[in-house]
$ cat entry16.txt   # compact mmCIF, C-alpha atoms and all ligand atoms
# COMPACT_ATOMS: atom_id res chain seq x y z
CA MET A 1 11.59 5.26 -14.25
CA ASN A 2 9.82 6.29 -11.07
CA LEU A 3 6.50 4.70 -10.26
CA VAL A 4 3.80 5.30 -7.72
CA LEU A 5 1.85 2.23 -6.73
CA LEU A 6 -1.66 2.86 -5.45
CA GLY A 7 -4.23 0.39 -4.22
CA PRO A 8 -6.60 0.03 -1.31
CA PRO A 9 -5.90 -2.35 1.58
CA GLY A 10 -6.53 -5.87 0.32
CA SER A 11 -5.81 -5.03 -3.33
CA GLY A 12 -2.70 -7.24 -3.51
CA LYS A 13 -0.45 -4.23 -4.03
CA GLY A 14 2.41 -5.75 -2.03
CA THR A 15 2.57 -8.82 -4.26
CA GLN A 16 2.67 -6.66 -7.39
CA ALA A 17 5.41 -4.48 -5.91
CA GLU A 18 7.54 -7.62 -5.50
CA HIS A 19 7.06 -8.55 -9.16
CA LEU A 20 8.04 -5.06 -10.26
CA VAL A 21 11.19 -5.24 -8.14
CA GLN A 22 12.13 -8.62 -9.65
CA LYS A 23 11.23 -8.03 -13.29
CA VAL A 24 11.91 -4.33 -13.74
CA GLY A 25 14.71 -3.91 -11.22
CA LEU A 26 13.14 -0.95 -9.49
CA ALA A 27 13.83 -0.27 -5.82
CA HIS A 28 10.76 -0.59 -3.61
CA LEU A 29 10.33 2.40 -1.29
CA ALA A 30 7.53 1.54 1.10
CA SER A 31 6.96 4.57 3.28
CA GLY A 32 7.13 2.70 6.61
CA ASP A 33 10.42 1.02 5.68
CA LEU A 34 11.78 4.29 4.39
CA LEU A 35 11.18 5.97 7.75
CA ARG A 36 12.60 3.06 9.73
CA SER A 37 15.75 2.76 7.66
CA ALA A 38 16.37 6.51 7.85
CA VAL A 39 16.16 6.32 11.64
CA ALA A 40 18.54 3.35 11.64
CA ALA A 41 21.00 5.16 9.35
CA GLY A 42 21.09 8.11 11.75
CA THR A 43 21.34 10.79 9.05
CA GLU A 44 20.20 14.32 9.83
CA LEU A 45 16.76 13.62 8.33
CA GLY A 46 16.77 10.27 10.10
CA ARG A 47 17.25 11.95 13.47
CA LYS A 48 14.43 14.39 12.68
CA THR A 49 12.20 11.48 11.70
CA GLU A 50 13.04 9.68 14.92
CA SER A 51 12.05 12.64 17.06
CA TYR A 52 8.63 12.89 15.36
CA MET A 53 8.08 9.17 15.72
CA LYS A 54 9.05 9.27 19.41
CA GLN A 55 6.52 12.04 19.99
CA GLY A 56 3.96 9.85 18.27
CA VAL A 57 3.12 12.50 15.68
CA LEU A 58 2.96 12.15 11.91
CA VAL A 59 6.25 12.76 10.16
CA PRO A 60 5.71 15.97 8.12
CA ASP A 61 5.45 15.66 4.35
CA GLU A 62 8.60 17.69 3.69
CA VAL A 63 10.64 15.28 5.80
CA VAL A 64 9.22 12.23 4.00
CA ILE A 65 9.88 13.90 0.64
CA GLY A 66 13.45 14.65 1.75
CA LEU A 67 13.92 10.97 2.56
CA ILE A 68 12.52 9.97 -0.83
CA LEU A 69 14.92 12.34 -2.60
CA GLU A 70 17.83 10.87 -0.63
CA ALA A 71 16.71 7.35 -1.46
CA LEU A 72 16.46 8.20 -5.17
CA GLU A 73 20.13 9.07 -5.39
CA GLY A 74 22.12 6.50 -7.29
CA LYS A 75 19.06 4.49 -8.30
CA SER A 76 17.73 4.03 -11.80
CA GLY A 77 14.15 4.04 -10.60
CA VAL A 78 11.89 3.46 -7.65
CA ILE A 79 8.40 2.30 -6.75
CA LEU A 80 6.81 4.57 -4.20
CA ASP A 81 4.37 2.67 -2.04
CA GLY A 82 2.41 4.40 0.72
CA PHE A 83 3.41 7.93 -0.30
CA PRO A 84 1.90 10.14 -1.66
CA ARG A 85 -1.46 9.40 -0.06
CA THR A 86 -3.11 12.77 -0.61
CA LEU A 87 -3.31 15.32 -3.40
CA GLU A 88 -1.28 17.82 -1.37
CA GLN A 89 1.50 15.28 -0.92
CA ALA A 90 1.48 14.44 -4.62
CA GLN A 91 1.82 18.10 -5.55
CA ALA A 92 4.63 18.69 -3.05
CA LEU A 93 6.46 15.60 -4.29
CA GLU A 94 6.07 16.70 -7.91
CA GLN A 95 7.58 20.07 -7.13
CA ALA A 96 10.51 18.59 -5.20
CA LEU A 97 11.27 16.07 -7.96
CA GLY A 98 10.99 18.79 -10.59
CA GLN A 99 13.77 20.75 -8.94
CA ARG A 100 16.02 17.78 -9.61
CA SER A 101 14.75 17.27 -13.16
CA GLN A 102 12.98 14.12 -12.05
CA THR A 103 9.35 13.15 -12.15
CA ILE A 104 6.86 10.41 -11.48
CA ASP A 105 6.66 8.65 -14.82
CA ARG A 106 3.77 6.33 -14.21
CA VAL A 107 1.16 5.64 -11.57
CA LEU A 108 -0.43 2.23 -11.23
CA TYR A 109 -3.74 1.95 -9.47
CA ILE A 110 -4.79 -1.57 -8.58
CA SER A 111 -8.54 -1.32 -8.37
CA VAL A 112 -10.80 -3.75 -6.57
CA ALA A 113 -14.49 -3.18 -5.83
CA LYS A 114 -15.32 -2.26 -2.24
CA ASP A 115 -17.40 -5.36 -1.54
CA GLU A 116 -14.65 -7.65 -2.78
CA LEU A 117 -12.11 -5.89 -0.55
CA ILE A 118 -14.39 -6.28 2.45
CA LYS A 119 -14.83 -9.97 1.64
CA ARG A 120 -11.06 -10.47 1.33
CA LEU A 121 -10.13 -8.57 4.46
CA SER A 122 -12.89 -9.81 6.72
CA SER A 123 -12.15 -13.48 6.11
CA ARG A 124 -9.69 -13.66 8.99
CA TRP A 125 -10.86 -15.38 12.14
CA THR A 126 -8.78 -16.03 15.25
CA CYS A 127 -8.89 -18.69 17.97
CA LYS A 128 -10.02 -17.25 21.30
CA GLN A 129 -7.80 -19.66 23.23
CA CYS A 130 -4.54 -20.07 21.31
CA GLN A 131 -4.79 -17.09 18.88
CA ALA A 132 -4.22 -19.30 15.82
CA PRO A 133 -5.31 -17.38 12.69
CA TYR A 134 -7.63 -18.81 10.02
CA ASN A 135 -8.58 -17.46 6.64
CA LEU A 136 -12.06 -18.55 5.63
CA GLN A 137 -11.18 -18.09 1.95
CA GLY A 138 -7.69 -19.55 1.84
CA ALA A 139 -7.12 -21.64 4.96
CA PRO A 140 -10.41 -22.42 6.73
CA PRO A 141 -10.61 -24.59 9.86
CA ARG A 142 -11.63 -28.22 9.38
CA GLN A 143 -14.74 -27.70 11.48
CA GLU A 144 -16.65 -24.46 11.11
CA GLY A 145 -16.07 -22.03 13.99
CA LYS A 146 -13.58 -24.29 15.81
CA CYS A 147 -9.81 -24.23 16.11
CA ASP A 148 -8.03 -27.21 14.52
CA ARG A 149 -5.29 -27.10 17.14
CA CYS A 150 -7.12 -26.71 20.43
CA GLY A 151 -10.85 -26.84 19.67
CA GLY A 152 -11.25 -23.25 20.88
CA GLU A 153 -13.96 -20.96 19.56
CA LEU A 154 -13.05 -18.77 16.58
CA TYR A 155 -13.92 -15.07 16.64
CA GLN A 156 -13.30 -11.97 14.54
CA ARG A 157 -11.01 -9.37 16.07
CA ALA A 158 -12.29 -5.79 15.94
CA ASP A 159 -9.82 -4.93 13.14
CA ASP A 160 -11.10 -7.79 11.00
CA GLN A 161 -14.80 -7.07 11.31
CA PRO A 162 -16.58 -5.97 8.13
CA HIS A 163 -17.78 -2.60 9.48
CA THR A 164 -14.25 -1.65 10.63
CA ILE A 165 -12.83 -2.72 7.29
CA ARG A 166 -15.52 -0.86 5.37
CA LYS A 167 -14.60 2.33 7.23
CA ARG A 168 -10.89 1.81 6.57
CA ILE A 169 -11.52 1.34 2.86
CA GLU A 170 -13.83 4.34 2.66
CA VAL A 171 -11.20 6.54 4.30
CA TYR A 172 -8.63 5.28 1.80
CA LEU A 173 -10.87 5.90 -1.21
CA THR A 174 -11.93 9.38 -0.07
CA GLN A 175 -8.28 10.38 0.28
CA THR A 176 -7.12 8.70 -2.88
CA VAL A 177 -9.74 9.73 -5.46
CA PRO A 178 -8.34 13.29 -5.84
CA LEU A 179 -4.85 11.81 -6.15
CA ILE A 180 -5.98 9.42 -8.86
CA ASP A 181 -7.67 12.27 -10.75
CA TYR A 182 -4.51 14.34 -10.48
CA TYR A 183 -2.35 11.68 -12.12
CA ARG A 184 -5.05 10.81 -14.65
CA ARG A 185 -5.23 14.42 -15.82
CA SER A 186 -1.50 14.33 -16.61
CA ASN A 187 -1.90 11.02 -18.50
CA ARG A 188 0.23 9.04 -16.12
CA LEU A 189 -2.38 6.80 -14.59
CA THR A 190 -2.89 3.17 -15.51
CA GLU A 191 -5.72 1.42 -13.75
CA VAL A 192 -5.20 -2.31 -13.37
CA ASP A 193 -8.08 -4.61 -12.49
CA GLY A 194 -7.01 -6.30 -9.25
CA VAL A 195 -9.58 -9.09 -9.46
CA GLY A 196 -8.69 -12.37 -11.11
CA GLU A 197 -5.65 -14.59 -11.32
CA VAL A 198 -2.50 -13.15 -9.81
CA ALA A 199 -0.43 -14.04 -12.90
CA GLN A 200 -2.86 -12.15 -15.12
CA ILE A 201 -2.81 -9.09 -12.87
CA THR A 202 0.99 -9.20 -12.86
CA ARG A 203 1.02 -9.29 -16.67
CA ALA A 204 -1.17 -6.18 -16.79
CA VAL A 205 1.05 -4.41 -14.27
CA LEU A 206 4.20 -5.19 -16.24
CA GLN A 207 2.57 -4.14 -19.51
CA ALA A 208 1.67 -0.83 -17.94
CA VAL A 209 5.35 -0.13 -17.39
CA GLY A 210 6.35 -1.40 -20.83
CA VAL A 211 7.72 -4.79 -19.81
CA GLU A 212 6.53 -8.06 -21.28
CA GLY A 213 5.19 -10.36 -18.54
ZN ZN B 301 -6.85 -22.68 19.21
$ encode --input "entry16.txt" --output "structure tokens" --more "lines below"
Ligand SMILES: [Zn+2]
Amino acid sequence: MNLVLLGPPGSGKGTQAEHLVQKVGLAHLASGDLLRSAVAAGTELGRKTESYMKQGVLVPDEVVIGLILEALEGKSGVILDGFPRTLEQAQALEQALGQRSQTIDRVLYISVAKDELIKRLSSRWTCKQCQAPYNLQGAPPRQEGKCDRCGGELYQRADDQPHTIRKRIEVYLTQTVPLIDYYRRSNRLTEVDGVGEVAQITRAVLQAVGVEG
């Protein structure tokens, strides 16, 4: 069984990938790790990948797909995480898998409303003096706006500010909606509500792939 795991930043996708690895025994192929391990392995595709990365350009889709096909060999199933990101990539992947009589069997989309994502992702504040991180939702400082360790002032880094996060999420959704439609049309999409207790979300994810939580 080959899965694609989709979810915006802040959806908790990484946690669910771990559960799928543990309970279903699928190999987790996160696109960043896939590229790095190919470079480390020094295969022909790995050397190609390395040269693109050194030039600071995006690794072309056909190279990433080649790495995925290599990684699939000898495995009973994988979770693709981070690829495909666009409709074009999904179509190219489908074609390449088809040539090997393989396919993407199921696509899980962990959906979380935009405002909730912004709330989750913009809750990180950092100490100006010692850089200690705080999470206003999970691990807030004892005194509002002040570092527990050094008393320094807490601030939000540019990456953590709501307007930056909103933009990041909007880019993700714009890219991903056509991809979601594509898999929905072929009856492979399961949308899982990513808001609520983690255990409950995990149960829904496992049910979607036919495993009892
Ligand atoms: Zn501090």
$ residues_near_point --input "entry16.txt" --point "(-1.6, 0.4, -8.2)" --cutoff "6 Å" --atoms "all atoms listed in the file" --output "JSON, numbers by chain"
{"A": [5, 6, 7, 108, 109, 110]}
$ write_last_selection --input "entry16.txt" --atoms "C-alpha atoms" --output "CSV table (one decimal), keeping the file's coordinate frame"
chain,number,residue,atom,x,y,z
A,5,LEU,CA,1.8,2.2,-6.7
A,6,LEU,CA,-1.7,2.9,-5.4
A,7,GLY,CA,-4.2,0.4,-4.2
A,108,LEU,CA,-0.4,2.2,-11.2
A,109,TYR,CA,-3.7,2.0,-9.5
A,110,ILE,CA,-4.8,-1.6,-8.6
$ atom_distance --input "entry16.txt" --atom1 "CA of Ile79 in chain A" --atom2 "CA of Ala27 in chain A"
6.1 Å
$ residues_near_ligand --input "entry16.txt" --ligand "ligand ZN 301 (chain B)" --cutoff "9 Å" --atoms "all atoms listed in the file" --output "NGL selection string"
:A and (126-133 or 146-154)
$ atom_distance --input "entry16.txt" --atom1 "CA of Val78 in chain A" --atom2 "CA of Glu197 in chain A"
25.4 Å
$ residues_around --input "entry16.txt" --residues "Val198 in chain A" --least-positions-apart "2" --cutoff "12 Å" --atoms "all atoms listed in the file" --output "list in words"
Ser11, Gly12, Lys13, Gly14, Thr15, Gln16, His19, Ile110, Val192, Asp193, Gly194, Val195, Gly196, Gln200, Ile201, Thr202, Arg203, Ala204, Val205 and Gly213 of chain A
$ atom_distance --input "entry16.txt" --atom1 "CA of Gly138 in chain A" --atom2 "CA of Ser123 in chain A"
8.7 Å
$ closest_residue --input "entry16.txt" --among "A:Gly82, A:Pro8, A:Glu212, A:Leu189" --to "Glu116 in chain A" --atoms "only C-alpha atoms"
A:Pro8
$ residues_around --input "entry16.txt" --residues "Arg124 in chain A" --least-positions-apart "6" --cutoff "9 Å" --atoms "only C-alpha atoms" --output "CSV table (one decimal) with C-alpha atoms, in the coordinates of the input"
chain,number,residue,atom,x,y,z
A,133,PRO,CA,-5.3,-17.4,12.7
A,134,TYR,CA,-7.6,-18.8,10.0
A,135,ASN,CA,-8.6,-17.5,6.6
A,136,LEU,CA,-12.1,-18.6,5.6
A,137,GLN,CA,-11.2,-18.1,2.0
A,155,TYR,CA,-13.9,-15.1,16.6
A,156,GLN,CA,-13.3,-12.0,14.5
A,157,ARG,CA,-11.0,-9.4,16.1
A,160,ASP,CA,-11.1,-7.8,11.0
A,161,GLN,CA,-14.8,-7.1,11.3
$ closest_residue --input "entry16.txt" --among "A:Gln175, A:Ser51, A:Ser101, A:Asn187" --to "Pro84 in chain A" --atoms "all atoms listed in the file"
A:Gln175
$ closest_residue --input "entry16.txt" --among "A:Asp159, A:Asp81, A:Glu191, A:Glu170" --to "Gly32 in chain A" --atoms "all atoms listed in the file"
A:Asp81
$ closest_residue --input "entry16.txt" --among "A:Pro141, A:Glu70, A:Ile169, A:Gln102" --to "Lys114 in chain A" --atoms "only C-alpha atoms"
A:Ile169
$ closest_residue --input "entry16.txt" --among "A:Ala41, A:Leu34, A:Met53, A:Ala90" --to "Ile68 in chain A" --atoms "all atoms listed in the file"
A:Leu34
$ decode --input "entry16.txt" --residues "range 45-188 of chain A" --atoms "C-alpha atoms" --output "short mmCIF file (atom, residue, chain, number, x, y, z; two decimals), in the first residue's frame"
data_model
loop_
_atom_site.label_atom_id
_atom_site.label_comp_id
_atom_site.auth_asym_id
_atom_site.auth_seq_id
_atom_site.Cartn_x
_atom_site.Cartn_y
_atom_site.Cartn_z
CA LEU A 45 20.63 9.99 -8.99
CA GLY A 46 22.15 11.02 -5.68
CA ARG A 47 25.04 12.75 -7.44
CA LYS A 48 22.59 14.53 -9.76
CA THR A 49 20.56 15.62 -6.75
CA GLU A 50 23.68 16.92 -5.05
CA SER A 51 24.64 19.07 -8.01
CA TYR A 52 21.18 20.71 -8.10
CA MET A 53 21.27 21.30 -4.37
CA LYS A 54 24.77 22.82 -4.58
CA GLN A 55 23.56 25.22 -7.27
CA GLY A 56 20.72 26.14 -4.95
CA VAL A 57 18.06 25.25 -7.51
CA LEU A 58 15.00 23.04 -7.09
CA VAL A 59 15.63 19.38 -7.78
CA PRO A 60 13.57 18.60 -10.92
CA ASP A 61 10.45 16.48 -10.53
CA GLU A 62 11.79 13.62 -12.66
CA VAL A 63 14.81 13.27 -10.37
CA VAL A 64 12.63 13.23 -7.24
CA ILE A 65 10.33 10.68 -8.86
CA GLY A 66 13.37 8.56 -9.77
CA LEU A 67 14.44 8.63 -6.12
CA ILE A 68 10.94 7.62 -5.00
CA LEU A 69 10.94 4.68 -7.43
CA GLU A 70 14.34 3.58 -6.10
CA ALA A 71 13.13 3.90 -2.53
CA LEU A 72 10.03 1.82 -3.29
CA GLU A 73 12.08 -1.20 -4.30
CA GLY A 74 11.91 -3.98 -1.76
CA LYS A 75 9.31 -2.22 0.38
CA SER A 76 5.75 -3.35 0.95
CA GLY A 77 4.49 0.22 1.05
CA VAL A 78 5.44 3.80 1.66
CA ILE A 79 4.05 7.08 2.92
CA LEU A 80 4.99 9.96 0.67
CA ASP A 81 5.26 13.17 2.62
CA GLY A 82 6.16 16.45 0.90
CA PHE A 83 5.84 15.09 -2.65
CA PRO A 84 3.75 15.47 -4.77
CA ARG A 85 2.97 19.09 -3.94
CA THR A 86 1.39 20.11 -7.23
CA LEU A 87 -1.02 18.59 -9.72
CA GLU A 88 1.73 18.28 -12.33
CA GLN A 89 3.89 16.33 -9.90
CA ALA A 90 1.00 14.05 -8.99
CA GLN A 91 0.33 13.27 -12.65
CA ALA A 92 4.01 12.61 -13.39
CA LEU A 93 4.28 10.35 -10.34
CA GLU A 94 1.15 8.45 -11.35
CA GLN A 95 2.56 7.79 -14.79
CA ALA A 96 5.95 6.65 -13.46
CA LEU A 97 4.34 4.31 -10.91
CA GLY A 98 1.99 2.95 -13.57
CA GLN A 99 4.93 1.82 -15.66
CA ARG A 100 5.89 -0.42 -12.76
CA SER A 101 2.34 -1.61 -12.14
CA GLN A 102 2.24 0.42 -8.95
CA THR A 103 -0.03 3.19 -7.84
CA ILE A 104 -0.93 5.52 -5.03
CA ASP A 105 -3.62 3.58 -3.20
CA ARG A 106 -4.83 6.20 -0.78
CA VAL A 107 -4.33 9.87 -0.04
CA LEU A 108 -4.92 11.28 3.41
CA TYR A 109 -5.56 14.96 3.77
CA ILE A 110 -5.36 16.28 7.32
CA SER A 111 -7.52 19.36 7.20
CA VAL A 112 -7.41 22.21 9.67
CA ALA A 113 -9.12 25.58 9.22
CA LYS A 114 -6.83 28.46 8.26
CA ASP A 115 -7.45 30.48 11.42
CA GLU A 116 -6.64 27.51 13.63
CA LEU A 117 -3.38 26.92 11.73
CA ILE A 118 -2.42 30.55 12.15
CA LYS A 119 -3.18 30.34 15.87
CA ARG A 120 -1.09 27.18 16.24
CA LEU A 121 1.87 28.41 14.24
CA SER A 122 2.01 31.95 15.54
CA SER A 123 2.11 30.93 19.19
CA ARG A 124 5.90 30.77 19.23
CA TRP A 125 7.73 33.60 20.93
CA THR A 126 11.48 33.87 21.43
CA CYS A 127 13.65 35.59 24.04
CA LYS A 128 15.53 38.56 22.58
CA GLN A 129 18.50 37.96 24.87
CA CYS A 130 19.02 34.21 25.19
CA GLN A 131 16.84 32.95 22.27
CA ALA A 132 14.86 30.58 24.52
CA PRO A 133 11.66 29.54 22.71
CA TYR A 134 8.18 29.69 24.27
CA ASN A 135 4.88 28.38 23.02
CA LEU A 136 1.99 30.48 24.26
CA GLN A 137 -0.39 27.53 23.85
CA GLY A 138 1.74 24.69 25.18
CA ALA A 139 4.62 26.13 27.19
CA PRO A 140 4.02 29.80 28.05
CA PRO A 141 6.44 31.85 30.16
CA ARG A 142 5.57 32.29 33.84
CA GLN A 143 5.29 36.04 33.39
CA GLU A 144 3.70 37.37 30.22
CA GLY A 145 6.23 38.73 27.72
CA LYS A 146 9.28 37.86 29.85
CA CYS A 147 11.84 35.07 29.65
CA ASP A 148 11.80 32.65 32.59
CA ARG A 149 15.54 32.11 32.33
CA CYS A 150 16.99 35.58 31.94
CA GLY A 151 14.10 38.04 32.22
CA GLY A 152 14.67 39.17 28.63
CA GLU A 153 11.88 40.52 26.47
CA LEU A 154 10.01 38.01 24.30
CA TYR A 155 9.38 38.79 20.63
CA GLN A 156 7.99 37.05 17.55
CA ARG A 157 10.50 36.24 14.84
CA ALA A 158 9.47 37.23 11.31
CA ASP A 159 8.76 33.58 10.42
CA ASP A 160 6.40 33.21 13.37
CA GLN A 161 4.33 36.33 12.78
CA PRO A 162 0.69 35.79 11.81
CA HIS A 163 0.89 37.62 8.46
CA THR A 164 3.93 35.56 7.36
CA ILE A 165 2.22 32.37 8.44
CA ARG A 166 -1.02 33.34 6.72
CA LYS A 167 0.89 33.82 3.46
CA ARG A 168 2.67 30.47 3.85
CA ILE A 169 -0.63 28.68 4.43
CA GLU A 170 -2.31 30.42 1.52
CA VAL A 171 0.51 29.40 -0.81
CA TYR A 172 0.17 25.81 0.41
CA LEU A 173 -3.60 25.73 -0.08
CA THR A 174 -3.48 27.33 -3.54
CA GLN A 175 -1.00 24.69 -4.67
CA THR A 176 -2.71 21.80 -2.98
CA VAL A 177 -6.39 22.28 -3.85
CA PRO A 178 -5.97 21.01 -7.45
CA LEU A 179 -4.00 18.04 -6.10
CA ILE A 180 -6.74 17.22 -3.62
CA ASP A 181 -9.38 17.44 -6.37
CA TYR A 182 -7.30 15.14 -8.55
CA TYR A 183 -7.15 12.39 -5.95
CA ARG A 184 -10.78 12.95 -4.93
CA ARG A 185 -11.95 12.42 -8.50
CA SER A 186 -10.27 9.00 -8.54
CA ASN A 187 -11.88 8.10 -5.18
CA ARG A 188 -8.62 7.85 -3.32
#
